[in-house]
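Input: a single structure, listed below in structure tokens.
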Amino acid sequence: MNNPLQEMTNEELWALFPIILSEYRAEWAKFYEQEKDTIISALGTNNMYRINHIGSTSVPGLIAKPTIDILLEIPTDADIPSLTAALISAGYICNTQPNNPAPHLMFMKGYTPQGFRGQAVHLHVRFPGDWDELYFRDYLRSHPETAKSYGKLKQNLQLRYEHDRDAYTEAKTDFIQEATRLARKEMGNKYTTPSTTL
């Protein structure tokens, strides 16, 4: 199968890129730092509000899809075409996401028409906000038993939805929402105040 990724159906993409889970790897944190440096070099810090490692690879000890998820918050007046061009030049594939928060963009690395190649990265680009993903990450980091339960849930779901990413994601929603609710109750409005983690 050598069609461009953008021309493939979801079913074709899910067959090519199944749900794979891995035991935690310490090098994921290093991959994030390397990728963060690449992003900063491509965009410059003036075009960035905040950048964070999110998702399961950001939680030590947690079983995860071996994909580095990065949340990049950009100023609301950012030049989106220039930002997009810079990230494509840095090796990313641009994937418009109309159902995602503005500016409705995600960028990816590690995906080819022949399957995964190299380290997979998902770069989620958003305008500044009080994002659930940051609270969920912090809650799993500080509550190892919850993280362990989440890992078991993902293992069970992977067996059922190996080739259906949408169903896999949907089936995790209730767990994530409840943990995020508890995190916000515990942490208050931790991410509403302007701060930079570049």
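Labels used: A, B, ... for chains in the order of the structure tokens, numbers from 1 for residues in each chain, and numbers from 1 for ligands as shown.
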Env of Thr180 (chain A): 8 Å cut, atoms = only C-alpha atoms, seq-sep filter 2 positions within chain, self excluded. Answer as a list in words.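 With the cut-off at 8 Å, the set is Asp132, Glu133, Tyr135, Phe136, Tyr139, Ile176, Gln177, Glu178, Leu182, Ala183 and Arg184 of chain A.
Among the residues of region 82-182 of chain A, backbone DSSP assigns strand (DSSP E) to Ile93, Cys94, Asn95, Thr96, Leu105, Met106, Phe107, Met108, Lys109, Gly110, Tyr111, Thr112, Gly115, Phe116, Arg117, Gly118, Gln119, Ala120, Val121, His122, Leu123, His124, Val125 and Arg126 of chain A.
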For the residues in the current selection, export C-alpha atoms as a compact mmCIF listing (two decimals), in the first residue's frame.
```txt
# COMPACT_ATOMS: atom_id res chain seq x y z
CA ILE A 93 2.99 15.89 8.39
CA CYS A 94 0.16 18.40 8.83
CA ASN A 95 -3.19 16.88 9.71
CA THR A 96 -6.17 19.24 9.90
CA LEU A 105 -4.28 21.37 13.66
CA MET A 106 -2.21 18.35 14.59
CA PHE A 107 1.21 17.45 13.22
CA MET A 108 2.73 13.97 13.09
CA LYS A 109 6.06 12.24 12.63
CA GLY A 110 6.86 8.57 12.23
CA TYR A 111 4.00 7.70 9.86
CA THR A 112 4.68 6.52 6.30
CA GLY A 115 3.78 1.86 8.34
CA PHE A 116 5.57 3.29 11.37
CA ARG A 117 9.13 4.52 10.78
CA GLY A 118 11.23 5.92 13.60
CA GLN A 119 9.77 7.57 16.68
CA ALA A 120 6.07 8.44 16.31
CA VAL A 121 5.17 11.94 17.49
CA HIS A 122 1.80 13.70 17.75
CA LEU A 123 2.09 17.47 18.06
CA HIS A 124 -1.25 18.93 19.20
CA VAL A 125 -1.37 22.66 18.40
CA ARG A 126 -3.84 24.84 20.29
```
Residue neighbourhood Gln158 (chain A), 12 Å, only C-alpha atoms, exclusion window fewer than 3 positions, as a PDB file with N, CA and C atoms, in the first residue's frame:
```pdb
ATOM      1  N   PRO A  18      -1.818  -0.108  13.697  1.00  0.00           N
ATOM      2  CA  PRO A  18      -2.642  -0.688  14.765  1.00  0.00           C
ATOM      3  C   PRO A  18      -2.286  -0.108  16.128  1.00  0.00           C
ATOM      4  N   ILE A  19      -3.164  -0.330  17.092  1.00  0.00           N
ATOM      5  CA  ILE A  19      -2.881   0.047  18.480  1.00  0.00           C
ATOM      6  C   ILE A  19      -1.805  -0.895  19.009  1.00  0.00           C
ATOM      7  N   ILE A  20      -0.675  -0.340  19.353  1.00  0.00           N
ATOM      8  CA  ILE A  20       0.446  -1.103  19.927  1.00  0.00           C
ATOM      9  C   ILE A  20       0.724  -0.517  21.305  1.00  0.00           C
ATOM     10  N   LEU A  21       0.876  -1.374  22.292  1.00  0.00           N
ATOM     11  CA  LEU A  21       1.208  -0.919  23.644  1.00  0.00           C
ATOM     12  C   LEU A  21       2.584  -1.424  24.034  1.00  0.00           C
ATOM     13  N   SER A  22       3.267  -0.633  24.816  1.00  0.00           N
ATOM     14  CA  SER A  22       4.617  -0.963  25.240  1.00  0.00           C
ATOM     15  C   SER A  22       4.766  -0.673  26.729  1.00  0.00           C
ATOM     16  N   ILE A  63       2.151   1.868  31.052  1.00  0.00           N
ATOM     17  CA  ILE A  63       2.115   1.247  29.732  1.00  0.00           C
ATOM     18  C   ILE A  63       1.514   2.238  28.753  1.00  0.00           C
ATOM     19  N   ALA A  64       2.028   2.252  27.516  1.00  0.00           N
ATOM     20  CA  ALA A  64       1.609   3.311  26.594  1.00  0.00           C
ATOM     21  C   ALA A  64       1.792   2.884  25.148  1.00  0.00           C
ATOM     22  N   LYS A  65       1.016   3.522  24.263  1.00  0.00           N
ATOM     23  CA  LYS A  65       1.388   3.498  22.851  1.00  0.00           C
ATOM     24  C   LYS A  65       2.719   4.249  22.756  1.00  0.00           C
ATOM     25  N   GLY A 151      -3.569   1.660  32.916  1.00  0.00           N
ATOM     26  CA  GLY A 151      -2.779   0.757  32.091  1.00  0.00           C
ATOM     27  C   GLY A 151      -3.506  -0.550  31.814  1.00  0.00           C
ATOM     28  N   LYS A 152      -4.153  -1.089  32.834  1.00  0.00           N
ATOM     29  CA  LYS A 152      -4.909  -2.339  32.655  1.00  0.00           C
ATOM     30  C   LYS A 152      -6.091  -2.127  31.709  1.00  0.00           C
ATOM     31  N   LEU A 153      -6.772  -0.994  31.861  1.00  0.00           N
ATOM     32  CA  LEU A 153      -7.878  -0.686  30.959  1.00  0.00           C
ATOM     33  C   LEU A 153      -7.388  -0.646  29.515  1.00  0.00           C
ATOM     34  N   LYS A 154      -6.275   0.015  29.275  1.00  0.00           N
ATOM     35  CA  LYS A 154      -5.756   0.121  27.919  1.00  0.00           C
ATOM     36  C   LYS A 154      -5.382  -1.250  27.348  1.00  0.00           C
ATOM     37  N   GLN A 155      -4.818  -2.104  28.174  1.00  0.00           N
ATOM     38  CA  GLN A 155      -4.475  -3.452  27.700  1.00  0.00           C
ATOM     39  C   GLN A 155      -5.721  -4.217  27.278  1.00  0.00           C
ATOM     40  N   TYR A 161      -9.851  -3.546  20.320  1.00  0.00           N
ATOM     41  CA  TYR A 161      -9.891  -2.495  19.305  1.00  0.00           C
ATOM     42  C   TYR A 161      -8.529  -2.238  18.656  1.00  0.00           C
ATOM     43  N   GLU A 162      -7.774  -3.272  18.425  1.00  0.00           N
ATOM     44  CA  GLU A 162      -6.423  -3.109  17.875  1.00  0.00           C
ATOM     45  C   GLU A 162      -6.431  -2.324  16.564  1.00  0.00           C
ATOM     46  N   HIS A 163      -7.483  -2.507  15.758  1.00  0.00           N
ATOM     47  CA  HIS A 163      -7.541  -1.848  14.452  1.00  0.00           C
ATOM     48  C   HIS A 163      -8.700  -0.849  14.356  1.00  0.00           C
ATOM     49  N   ASP A 164      -9.046  -0.239  15.493  1.00  0.00           N
ATOM     50  CA  ASP A 164     -10.101   0.775  15.502  1.00  0.00           C
ATOM     51  C   ASP A 164      -9.742   1.848  16.529  1.00  0.00           C
ATOM     52  N   ARG A 165      -8.968   2.818  16.083  1.00  0.00           N
ATOM     53  CA  ARG A 165      -8.475   3.845  17.003  1.00  0.00           C
ATOM     54  C   ARG A 165      -9.602   4.678  17.612  1.00  0.00           C
ATOM     55  N   ASP A 166     -10.632   4.957  16.836  1.00  0.00           N
ATOM     56  CA  ASP A 166     -11.740   5.756  17.365  1.00  0.00           C
ATOM     57  C   ASP A 166     -12.436   5.035  18.515  1.00  0.00           C
ATOM     58  N   ALA A 167     -12.707   3.738  18.352  1.00  0.00           N
ATOM     59  CA  ALA A 167     -13.375   2.968  19.404  1.00  0.00           C
ATOM     60  C   ALA A 167     -12.474   2.847  20.628  1.00  0.00           C
ATOM     61  N   TYR A 168     -11.188   2.649  20.402  1.00  0.00           N
ATOM     62  CA  TYR A 168     -10.223   2.555  21.502  1.00  0.00           C
ATOM     63  C   TYR A 168     -10.219   3.850  22.322  1.00  0.00           C
ATOM     64  N   THR A 169     -10.176   4.972  21.624  1.00  0.00           N
ATOM     65  CA  THR A 169     -10.165   6.264  22.303  1.00  0.00           C
ATOM     66  C   THR A 169     -11.475   6.515  23.041  1.00  0.00           C
ATOM     67  N   ALA A 171     -13.601   4.407  24.241  1.00  0.00           N
ATOM     68  CA  ALA A 171     -13.788   3.511  25.387  1.00  0.00           C
ATOM     69  C   ALA A 171     -12.984   3.954  26.614  1.00  0.00           C
ATOM     70  N   LYS A 172     -12.007   4.819  26.425  1.00  0.00           N
ATOM     71  CA  LYS A 172     -11.225   5.335  27.557  1.00  0.00           C
ATOM     72  C   LYS A 172     -11.832   6.604  28.157  1.00  0.00           C
TER      73      LYS A 172
END
```
Report as number ranges by chain all protein, DNA and RNA residues lying within 12 Å of Thr57 (chain A), evaluated on only C-alpha atoms, omitting residues in the same chain fewer than 2 positions from it. A: 21-32, 52-55, 59-70, 120-122, 137, 140-141, 147, 151
With distances taken over only C-alpha atoms, which residue among A:Ile39, A:His143, A:Trp131, A:Thr192 lies nearest Ile88 (chain A)?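 For Ile88 (chain A), the nearest of the candidates is A:Ile39.
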Distance of CA of Tyr150 (chain A) from CA of His104 (chain A), expressed in Å to one decimal place: 27.5 Å
Quick one: pull the distance between CA of Gly91 (chain A) and CA of Phe127 (chain A), Å, one decimal.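 Separation between CA of Gly91 (chain A) and CA of Phe127 (chain A): 21.9 Å.
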Provide the CA of Asn99 (chain A) to CA of Thr146 (chain A) distance in Å, to one decimal place. 28.4 Å
Given only C-alpha atoms as the basis, pick out the residue of A:Ala15, A:Leu87, A:Ala78, A:Leu71 nearest to Asn46 (chain A). A:Ala78
Could you give me the residues within region 71-132 of chain A that DSSP places in alpha helix (DSSP H), as a compact mmCIF listing (two decimals) with all heavy atoms, in the first residue's frame?
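selection11.txt, freshly written:
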```txt
# COMPACT_ATOMS: atom_id res chain seq x y z
N ILE A 80 -0.53 31.26 11.33
CA ILE A 80 -0.73 29.82 11.17
C ILE A 80 -0.07 29.27 9.89
O ILE A 80 0.60 28.23 9.94
CB ILE A 80 -2.23 29.46 11.21
CG1 ILE A 80 -2.85 29.91 12.54
CG2 ILE A 80 -2.42 27.96 11.01
CD1 ILE A 80 -2.22 29.32 13.77
N PRO A 81 -0.20 29.94 8.73
CA PRO A 81 0.47 29.40 7.54
C PRO A 81 2.00 29.30 7.71
O PRO A 81 2.61 28.31 7.29
CB PRO A 81 0.08 30.40 6.44
CG PRO A 81 -1.23 30.95 6.90
CD PRO A 81 -1.09 31.06 8.39
N SER A 82 2.61 30.32 8.33
CA SER A 82 4.06 30.29 8.53
C SER A 82 4.44 29.19 9.52
O SER A 82 5.44 28.48 9.33
CB SER A 82 4.57 31.65 9.03
OG SER A 82 4.39 32.63 8.05
N LEU A 83 3.66 29.06 10.60
CA LEU A 83 3.91 28.01 11.59
C LEU A 83 3.80 26.64 10.94
O LEU A 83 4.65 25.76 11.15
CB LEU A 83 2.91 28.15 12.74
CG LEU A 83 2.95 27.12 13.85
CD1 LEU A 83 2.63 27.77 15.19
CD2 LEU A 83 1.96 25.97 13.61
N THR A 84 2.77 26.45 10.13
CA THR A 84 2.57 25.17 9.45
C THR A 84 3.75 24.85 8.54
O THR A 84 4.28 23.73 8.55
CB THR A 84 1.26 25.19 8.65
OG1 THR A 84 0.17 25.42 9.55
CG2 THR A 84 1.04 23.88 7.91
N ALA A 85 4.17 25.83 7.76
CA ALA A 85 5.30 25.63 6.85
C ALA A 85 6.58 25.28 7.61
O ALA A 85 7.35 24.40 7.19
CB ALA A 85 5.51 26.88 5.99
N ALA A 86 6.80 25.95 8.75
CA ALA A 86 8.00 25.70 9.54
C ALA A 86 8.00 24.28 10.10
O ALA A 86 9.04 23.60 10.11
CB ALA A 86 8.12 26.73 10.65
N LEU A 87 6.86 23.82 10.56
CA LEU A 87 6.79 22.47 11.12
C LEU A 87 6.91 21.40 10.03
O LEU A 87 7.52 20.35 10.25
CB LEU A 87 5.51 22.30 11.93
CG LEU A 87 5.47 23.08 13.25
CD1 LEU A 87 4.09 23.00 13.89
CD2 LEU A 87 6.54 22.56 14.22
N ILE A 88 6.35 21.66 8.88
CA ILE A 88 6.52 20.72 7.76
C ILE A 88 8.00 20.65 7.37
O ILE A 88 8.54 19.56 7.13
CB ILE A 88 5.63 21.14 6.57
CG1 ILE A 88 4.16 20.89 6.91
CG2 ILE A 88 6.03 20.36 5.31
CD1 ILE A 88 3.18 21.44 5.89
N SER A 89 8.67 21.79 7.36
CA SER A 89 10.11 21.81 7.06
C SER A 89 10.91 21.04 8.11
O SER A 89 11.99 20.52 7.81
CB SER A 89 10.62 23.25 6.96
OG SER A 89 10.07 23.90 5.84
N ASP A 132 -7.47 19.85 29.79
CA ASP A 132 -7.65 18.65 30.61
C ASP A 132 -6.44 17.74 30.58
O ASP A 132 -6.11 17.08 31.57
CB ASP A 132 -8.87 17.85 30.12
CG ASP A 132 -10.20 18.47 30.51
OD1 ASP A 132 -10.21 19.40 31.34
OD2 ASP A 132 -11.22 18.01 29.98
```
Please determine, counting only C-alpha atoms, which residue among A:Ala90, A:Glu11, A:Asp138, A:Pro103 has the shortest atom-to-atom distance to Ser41 (chain A).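 Ranking A:Ala90, A:Glu11, A:Asp138, A:Pro103 by distance to Ser41 (chain A), first place goes to A:Ala90.
If only C-alpha atoms are the atoms counted, then among A:Glu35, A:Glu186, A:Glu170, A:Asp79 the closest residue to Tyr92 (chain A) is A:Glu35.
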